[in-house]
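K.L.:
Take this structure, written in structure tokens, and hold onto it; I'll ask about it next.
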Amino acid sequence: MTDMTTTTAMAPAGSRALRLFLRNPNAVAGMLILATVLFAAIFADLLAPGDPLTMVAQPFLWPGQNPAYPLGTDMMGRDVLAGIIHGSRVSLAVGLAATATSLLIGTLVGAITGYYGGWIDRVGMNLVEIVQTPPNFLLLVVIVAIWQPNLPTVAIGIGAVSWPTLARLVRGEFRAIRGKEFVTAAHSLGFSDARIIFREVLPNALPPVVVTSSVLVATAILMESALSFLGLSDPNRVSWGSMIGEGREMLRTAWYLAAVPGLCIFSTVLAFNLIGDGLNDAMNPRLAGRE
Amino acid sequence: MTKISRRTFNLLAGTSALAMTLPHIAKAEEPVVGGSVTMAVADEPPSLVSLTTTSASTVILSPKITEGLLTFDFDLTPKPELATEWEVSEDGLTYTFKLREGVKFHDGTPLTSADVAFSLMNLKKVHPRGQSTFQSLEKVDTPDDLTAVLTLSQPAPYLLTAFSAAEAPIVPRHAYEGFEDNPVASPNGNAPIGTGPFRFVEWARGSYILMERNPDYWDAPKPYVDELITQFVGDASVRSIGLESGEIDLAGWSPVPLTDMERIKADPNLQVETRGNEYQNNGFYRIEFNLENEYFKDVRVRQAFAHMIQPQQILDIVFMGYGDLARGPVTPSLKKIYDPETPVLEHDPDRAAALLDEAGYPADADGKRFDVTIDARPGVASQIAQYMRNVLAPLGVAVTVRNEDQSAYVRRVYTDRDFAFNAQGSSQLFDPTVGTQRFYWSQNFRPGVPYSNAAAYQNPEVDALLEAAAVENDPAKRKEQLDAFQHVIANDVPAIGLIATHQITIANVNLVNFCTGALGISGNFADLYLKDG
């Protein structure tokens with residue numbers, strides 16, 4: 001019965017949120033940018049066939065100098081456009097995989113600590129504090145340096161350092177929701193803890209999590225770029241960060257090598273932030289009256 | 001700058017002795033006393049005395065404070081420093097050094113032959129290369145305060161070249177009292193006293209090292225510069241900007257991104273020097289195979305890889321032309337040793353394919369033969385690895401590049417031996433017995449020792465040639481042995497020689513005599529001066 005009430009209550013709220021979201025010009029702009037990046041990532045092999053690390057032309061061709069390489073070539077004669085297109089895959093894959101990792105850990109820890117409270121809460125929150133104590137990025141560098149730098153380790157590493165934010169958020173939501181009447185009702189119906197956590201409380205705690213996740217994707221993309229910039233990335237894959245890292249030394253002679261991938265990171269991160277803002281506006285009931 | 005120093009200088013400036021020691025750049029000019037010079041090095045040194053480490057920054061800074069017995073011309077001809085005369089016996093087993101009179105350490109203690117004996121015996125014990133360089137040194141006798149007599153167990157034709165400040169610093173014995181068993185722990189490494197033209201003043205960790213002019217230097221009126229500041233600047237682009245803005249006066253060991261060189265050369269405030277690498281900074285990039293690997297134990301696979309490479313492309317793309325092609329095991333910068341007749345495996349993709357077919361790795365329907373991983377540290381070596389990945393793809397060999405930091409790389413290649421082939425740079429030093437033998441001598445296949453025979457190359461013929469050359473006193477015979485060695489390696493390819501780099505030193509035009517011999521900026525800077533003080 002509670003099930004029914006929540007789902008029926010959610011459905012119109014969901015479509016209202018979608019309507020709000022689509023009416024928000026910022027959010028739509030974010031979606032358009034993201035769609036472009038997604039398109040490049042999905043069709044990379046068609047748009048720029050072959051290995052983007054192949055030396056195809058003379059080094060340091062400027063953008064526009066040779067129509068075959070519209071964005072020019074880098075110091076080893078590799079096509080910058082091919083690197084940008086294939087780099088979108090790495091950025092999106094790492095962003096999404098890292099966010100999935102931190103969602104998994106963060107939601108679990110937050111849900112359990114928030115739901116049960118007591119000593120479980122204290123142990124869980126201490127764990128969160130321990131992970132949050134060292135600077136995120138330093139911890140990440142250590143993790144990646146210990147393992148070998150490749151895509152899965154980078155993604156898992158980013159997820160492993162960024163889940164505490166989510167855990168705190170989910171815990172807060174759970175603490176607020178667990179005292180609500182429908183939860184008490186579920187208890188009195190004899191539902192198991194697992195069922196209450198995942199089917200009753202979690203759906204109601206989701207909206208802020210969704211908003212935070214979109215920002216987490218953006219943060220993960222930035223972290224991956226920063227790692228690549230430091231040379232801690234898979235040398236067999238092009239990523240925007242590694243392109244900037246390699247182009248950095250040439251900043252004064254061939255600035256486009258750092259600027260072009262920099263612009264890509266900037267727009268993609270901006271897109272995720274715009275989408276996050278849009279989702280926040282659309283899903284936050286307190287802002288509902290302001291349409 | 002003090003009045004006394006200027007007066008002393010004026011007194012001596014006209015003497016022929018001074019004019020003779022001034023290299024060609026300054027022929028017409030008189031050195032100016034005073035001023036402060038700021039030098040940039042990439043890393044903070046682990047110690048300020050090259051007794052216990054071969055770290056680049058230490059090797060640059062140590063000779064300013066702690067001198068050696070000899071110094072060397074651009075063609076590695078020895079010249080007097082702390083020793084005024086030296087003699088090597090006919091059989092090559094006895095070296096006699098006469099020390100300069102009246103030389104004092106910075107604390108006023110006179111330099112004696114006991115300090116020389118202490119330094120040399122400790123080099124053999126604690127210097128990373130000293131164990132092999134000085135392995136045949138049995139004892140140092142000190143018949144009087146100014147004579148040191150070295151006795152060797154067997155001839156070492158390269159040994160005289162090792163007595164420079166960078167490679168064999170003469171430290172004050174009394175500064176190591178209480179640390180005889182562990183010289184590494186002596187405070188002299190952090191705040192050294194020596195006989196050199198500059199005295200240690202301050203080491204601000206993480207920032208700079210300050211040295212000042214030694215007014216009691218034995219070669220008065222040298223040195224000319226009042227202050228020598230060394231900053232630690234890790235980023236090449238930052239060094240580049242520092243040089244152009246005038247904040248940094250001097251930096252060596254190719255301090256800026258090579259893409260900046262065109263602008264640096266055109267800058268009227270900067271001068272560029274490519275000499276001064278002959279002694280120890282002759283960087284040499286190679287592809288090294290692990291002969292224990294299933295593919296590379298077969299010489300045909302190694303030759304096939306060599307046939308795919310066009311080193312001129314690497315020289316142009318990775319090194320922007322700053323280097324020489326070096327196809328054999330010895331770098332061309334060792335002019336007296338390098339054999340230009342060394343055979344070369346020319347670029348020949350068809351031959352490469354045929355060799356792989358023969359070796360049992362035919363191309364499948366997709367043209368694929370096998371997958372293999374190349375190891376390289378980030379930077380230049382990694383760019384060479386990327387080049388290998390590119391040129392081997394058409395052959396059907398899919399190369400994966402693995403970048404690891406220095407410690408992980410050394411552990412993988414030398415300790416765990418978990419690698420197939422690598423791209424790496426190493427120094428050839430001043431002689432093949434010291435700098436090259438370590439990579440090819442079967443006795444130096446020592447897992448766990450960095451920059452040893454990582455190929456696990458074992459060839460009795462090469463062993464015999466290297467061992468003979470290590471003790472051959474006759475230069476002509478030694479040249480024959482080393483030529484033969486170069487030919488064998490060129491065909492057997494345990495490693496593919498690629499590029500000998502030109503290390504560039506960049507200085508403000510105001511600086512004179514920053515590079516006066518084979519040691520380059522590892523010289524003692526006694527002659528260095530600023531045109532406008």
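Chain labels follow the order of the structure tokens: the first chain is A, the next B, and so on; residue numbering restarts at 1 in every chain, and ligands are counted from 1 in their shown order.
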Got a sec to pull out which chain B residues are within 12 Å of chain A, counting only C-alpha atoms, and send them as a VMD selection string?

P.N.:
chain B and resid 235 to 241 255 to 264 313 to 320 373 to 380 382 to 394 398 to 409 412

K.L.:
Name the residues of segment 18-126 of chain A that come out as helix (DSSP H, G or I) in a backbone DSSP run; write them as an MDAnalysis selection string.

P.N.:
chainID A and resid 18:23 25:42 44:47 80:116 118:126

K.L.:
Between atom CA of His487 of chain B and atom CA of Phe370 of chain B, what distance in Å does the model show, to one decimal?

P.N.:
29.3 Å

K.L.:
May I ask for the distance between atom CA of Ala40 of chain B and atom CA of Gln231 of chain B, given in Å to one decimal place?

P.N.:
4.8 Å

K.L.:
Please provide the set of residues having any atom within 9 Å of segment 440-447 of chain B, restricted to only C-alpha atoms, with same-chain residues fewer than 3 positions apart removed, written as a list in words.

P.N.:
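Everything that qualifies: Pro329, Val413, Tyr414, Thr415, Asp416, Arg417, Thr436, Gln437, Pro450, Ser452, Asn453, Ala454, Ala455, Ala456, Tyr457, Gln458, Asn459, Pro460, Val462, Asp463, Leu466, Glu467, Ile489 and Pro494 of chain B.
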
K.L.:
Can I get the selected residues back with N, CA and C atoms, as a compact mmCIF listing (two decimals), in the first residue's frame?

P.N.:
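The resulting file, result_2.txt, is reproduced below:
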```txt
# COMPACT_ATOMS: atom_id res chain seq x y z
N PRO B 329 77.05 0.59 -29.44
CA PRO B 329 76.96 0.70 -27.99
C PRO B 329 77.70 1.91 -27.41
N VAL B 413 62.36 -3.40 -14.06
CA VAL B 413 63.36 -3.79 -15.05
C VAL B 413 64.52 -4.54 -14.39
N TYR B 414 64.99 -4.02 -13.26
CA TYR B 414 66.23 -4.57 -12.72
C TYR B 414 66.02 -5.60 -11.60
N THR B 415 64.98 -5.42 -10.79
CA THR B 415 64.77 -6.35 -9.68
C THR B 415 63.83 -7.48 -10.08
N ASP B 416 62.61 -7.11 -10.49
CA ASP B 416 61.62 -8.15 -10.82
C ASP B 416 61.88 -8.74 -12.21
N ARG B 417 62.59 -8.00 -13.05
CA ARG B 417 62.87 -8.41 -14.43
C ARG B 417 61.59 -8.79 -15.18
N THR B 436 80.00 1.94 -20.22
CA THR B 436 79.32 1.09 -21.20
C THR B 436 79.36 -0.39 -20.83
N GLN B 437 80.49 -0.80 -20.28
CA GLN B 437 80.67 -2.22 -19.96
C GLN B 437 79.53 -2.76 -19.10
N PRO B 450 70.42 -1.22 -10.28
CA PRO B 450 69.93 -0.34 -11.35
C PRO B 450 71.02 -0.09 -12.40
N SER B 452 72.33 -1.92 -14.61
CA SER B 452 73.29 -2.98 -14.87
C SER B 452 72.90 -3.65 -16.20
N ASN B 453 73.31 -4.87 -16.41
CA ASN B 453 73.06 -5.59 -17.67
C ASN B 453 71.61 -6.11 -17.68
N ALA B 454 70.66 -5.22 -17.94
CA ALA B 454 69.25 -5.59 -17.87
C ALA B 454 68.87 -6.55 -18.98
N ALA B 455 69.65 -6.55 -20.08
CA ALA B 455 69.36 -7.44 -21.18
C ALA B 455 69.63 -8.89 -20.79
N ALA B 456 70.41 -9.10 -19.72
CA ALA B 456 70.91 -10.44 -19.37
C ALA B 456 71.73 -10.97 -20.55
N TYR B 457 72.50 -10.08 -21.13
CA TYR B 457 73.30 -10.44 -22.30
C TYR B 457 74.53 -11.22 -21.86
N GLN B 458 74.75 -12.37 -22.49
CA GLN B 458 75.89 -13.19 -22.12
C GLN B 458 76.57 -13.66 -23.40
N ASN B 459 77.73 -13.06 -23.67
CA ASN B 459 78.46 -13.43 -24.87
C ASN B 459 79.94 -13.51 -24.49
N PRO B 460 80.50 -14.71 -24.50
CA PRO B 460 81.88 -14.89 -24.04
C PRO B 460 82.87 -14.02 -24.82
N VAL B 462 82.27 -11.02 -26.15
CA VAL B 462 82.16 -9.65 -25.64
C VAL B 462 82.81 -9.55 -24.27
N ASP B 463 82.56 -10.56 -23.42
CA ASP B 463 83.18 -10.56 -22.09
C ASP B 463 84.70 -10.46 -22.21
N LEU B 466 85.78 -6.94 -23.41
CA LEU B 466 85.60 -5.92 -22.38
C LEU B 466 86.63 -6.09 -21.26
N GLU B 467 86.83 -7.34 -20.85
CA GLU B 467 87.77 -7.58 -19.75
C GLU B 467 89.20 -7.23 -20.18
N ILE B 489 78.38 -6.04 -30.89
CA ILE B 489 77.10 -5.58 -30.34
C ILE B 489 76.18 -5.10 -31.45
N PRO B 494 71.77 -6.72 -28.49
CA PRO B 494 71.09 -6.84 -27.20
C PRO B 494 70.39 -5.52 -26.86
```

K.L.:
Could you check how far atom CA of Ile120 of chain A sits from atom CA of Leu216 of chain A, in Å to one decimal?

P.N.:
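Going from atom CA of Ile120 of chain A over to atom CA of Leu216 of chain A, I get 26.1 Å.
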
K.L.:
Residues near Leu20 of chain A, anyone? I mean within 8 Å using only C-alpha atoms, not counting same-chain ones fewer than 3 positions away, as a PDB file with C-alpha atoms, in the first residue's frame.

P.N.:
```pdb
ATOM      1  CA  ARG A  16       6.584  17.873 -13.765  1.00  0.00           C
ATOM      2  CA  ALA A  17      10.319  17.840 -13.036  1.00  0.00           C
ATOM      3  CA  ARG A  23      12.098  24.681 -19.912  1.00  0.00           C
ATOM      4  CA  ASN A  24      15.390  25.685 -18.326  1.00  0.00           C
ATOM      5  CA  ASP A 281      15.846  23.400  -9.810  1.00  0.00           C
ATOM      6  CA  ALA A 282      13.481  20.854 -11.287  1.00  0.00           C
ATOM      7  CA  GLU A 291       7.945  28.338 -11.864  1.00  0.00           C
TER       8      GLU A 291
END
```

K.L.:
Which polymer residues have any atom within 12 Å of an atom of Val184 of chain B, counting only C-alpha atoms, with same-chain residues fewer than 2 positions away left out, as a list in words?

P.N.:
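Near neighbours after the sequence-gap exclusion: Pro46, Ser47, Leu48, Val49, Ser50, Leu51, Thr52, Thr53, Asn122, Leu123, Lys125, Val126, His127, Pro128, Ala175, Tyr176, Gly178, Phe179, Glu180, Asp181, Asn182, Ser186, Pro187, Asn188, Gly189 and Asn190 of chain B.
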
K.L.:
Deliver the residues from the most recent selection as a file, using C-alpha atoms, as a PDB file, in the first residue's frame.

P.N.:
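Once written, again03.pdb looks like this:
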```pdb
ATOM      1  CA  PRO B  46      70.401  14.642  -1.809  1.00  0.00           C
ATOM      2  CA  SER B  47      73.835  15.827  -0.688  1.00  0.00           C
ATOM      3  CA  LEU B  48      76.263  18.614  -1.591  1.00  0.00           C
ATOM      4  CA  VAL B  49      79.290  16.342  -1.924  1.00  0.00           C
ATOM      5  CA  SER B  50      79.551  13.866  -4.793  1.00  0.00           C
ATOM      6  CA  LEU B  51      81.358  11.398  -2.535  1.00  0.00           C
ATOM      7  CA  THR B  52      78.205   9.435  -1.825  1.00  0.00           C
ATOM      8  CA  THR B  53      75.853  10.066  -4.731  1.00  0.00           C
ATOM      9  CA  ASN B 122      85.945   5.962   0.684  1.00  0.00           C
ATOM     10  CA  LEU B 123      84.959   6.516  -2.939  1.00  0.00           C
ATOM     11  CA  LYS B 125      83.461   2.056  -0.563  1.00  0.00           C
ATOM     12  CA  VAL B 126      80.454   4.388  -0.812  1.00  0.00           C
ATOM     13  CA  HIS B 127      80.336   6.054  -4.248  1.00  0.00           C
ATOM     14  CA  PRO B 128      77.693   4.390  -6.454  1.00  0.00           C
ATOM     15  CA  ALA B 175      85.033  16.403   8.693  1.00  0.00           C
ATOM     16  CA  TYR B 176      84.203  12.716   8.685  1.00  0.00           C
ATOM     17  CA  GLY B 178      83.026   9.633  13.877  1.00  0.00           C
ATOM     18  CA  PHE B 179      81.453   8.757  10.528  1.00  0.00           C
ATOM     19  CA  GLU B 180      84.247   6.579   9.152  1.00  0.00           C
ATOM     20  CA  ASP B 181      81.891   3.615   8.940  1.00  0.00           C
ATOM     21  CA  ASN B 182      79.062   5.559   7.382  1.00  0.00           C
ATOM     22  CA  SER B 186      78.304  12.900   8.001  1.00  0.00           C
ATOM     23  CA  PRO B 187      77.049  16.488   8.300  1.00  0.00           C
ATOM     24  CA  ASN B 188      79.679  17.423   5.711  1.00  0.00           C
ATOM     25  CA  GLY B 189      77.225  16.275   3.036  1.00  0.00           C
ATOM     26  CA  ASN B 190      74.759  19.013   4.034  1.00  0.00           C
TER      27      ASN B 190
END
```

K.L.:
Here is a test: counting only C-alpha atoms, which residue of A:Phe174, A:Trp163, A:Trp62, A:Trp240 is nearest to Ser213 of chain A?

P.N.:
A:Trp163

K.L.:
Would you mind listing what lies within 12 Å of Glu181 of chain A as a VMD selection string, with only C-alpha atoms counted and same-chain residues fewer than 6 positions away left out?

P.N.:
chain A and resid 2 187 to 188 200 to 201

K.L.:
Those residues with N, CA and C atoms, as an mmCIF file, in the first residue's frame please?

P.N.:
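Dumped everything to part04.cif:
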```cif
data_model
loop_
_atom_site.group_PDB
_atom_site.id
_atom_site.type_symbol
_atom_site.label_atom_id
_atom_site.label_comp_id
_atom_site.auth_asym_id
_atom_site.auth_seq_id
_atom_site.Cartn_x
_atom_site.Cartn_y
_atom_site.Cartn_z
ATOM 1 N N THR A 2 1.849 1.288 0.905
ATOM 2 C CA THR A 2 2.780 2.414 0.889
ATOM 3 C C THR A 2 3.470 2.505 -0.450
ATOM 4 N N HIS A 187 7.510 -0.547 8.769
ATOM 5 C CA HIS A 187 7.983 -1.372 9.882
ATOM 6 C C HIS A 187 6.845 -2.214 10.444
ATOM 7 N N SER A 188 5.721 -1.554 10.637
ATOM 8 C CA SER A 188 4.617 -2.251 11.296
ATOM 9 C C SER A 188 4.049 -3.331 10.386
ATOM 10 N N GLU A 200 11.730 1.730 0.058
ATOM 11 C CA GLU A 200 10.904 2.783 0.645
ATOM 12 C C GLU A 200 11.694 4.092 0.802
ATOM 13 N N VAL A 201 12.842 4.002 1.490
ATOM 14 C CA VAL A 201 13.558 5.233 1.831
ATOM 15 C C VAL A 201 14.382 5.749 0.656
#
```
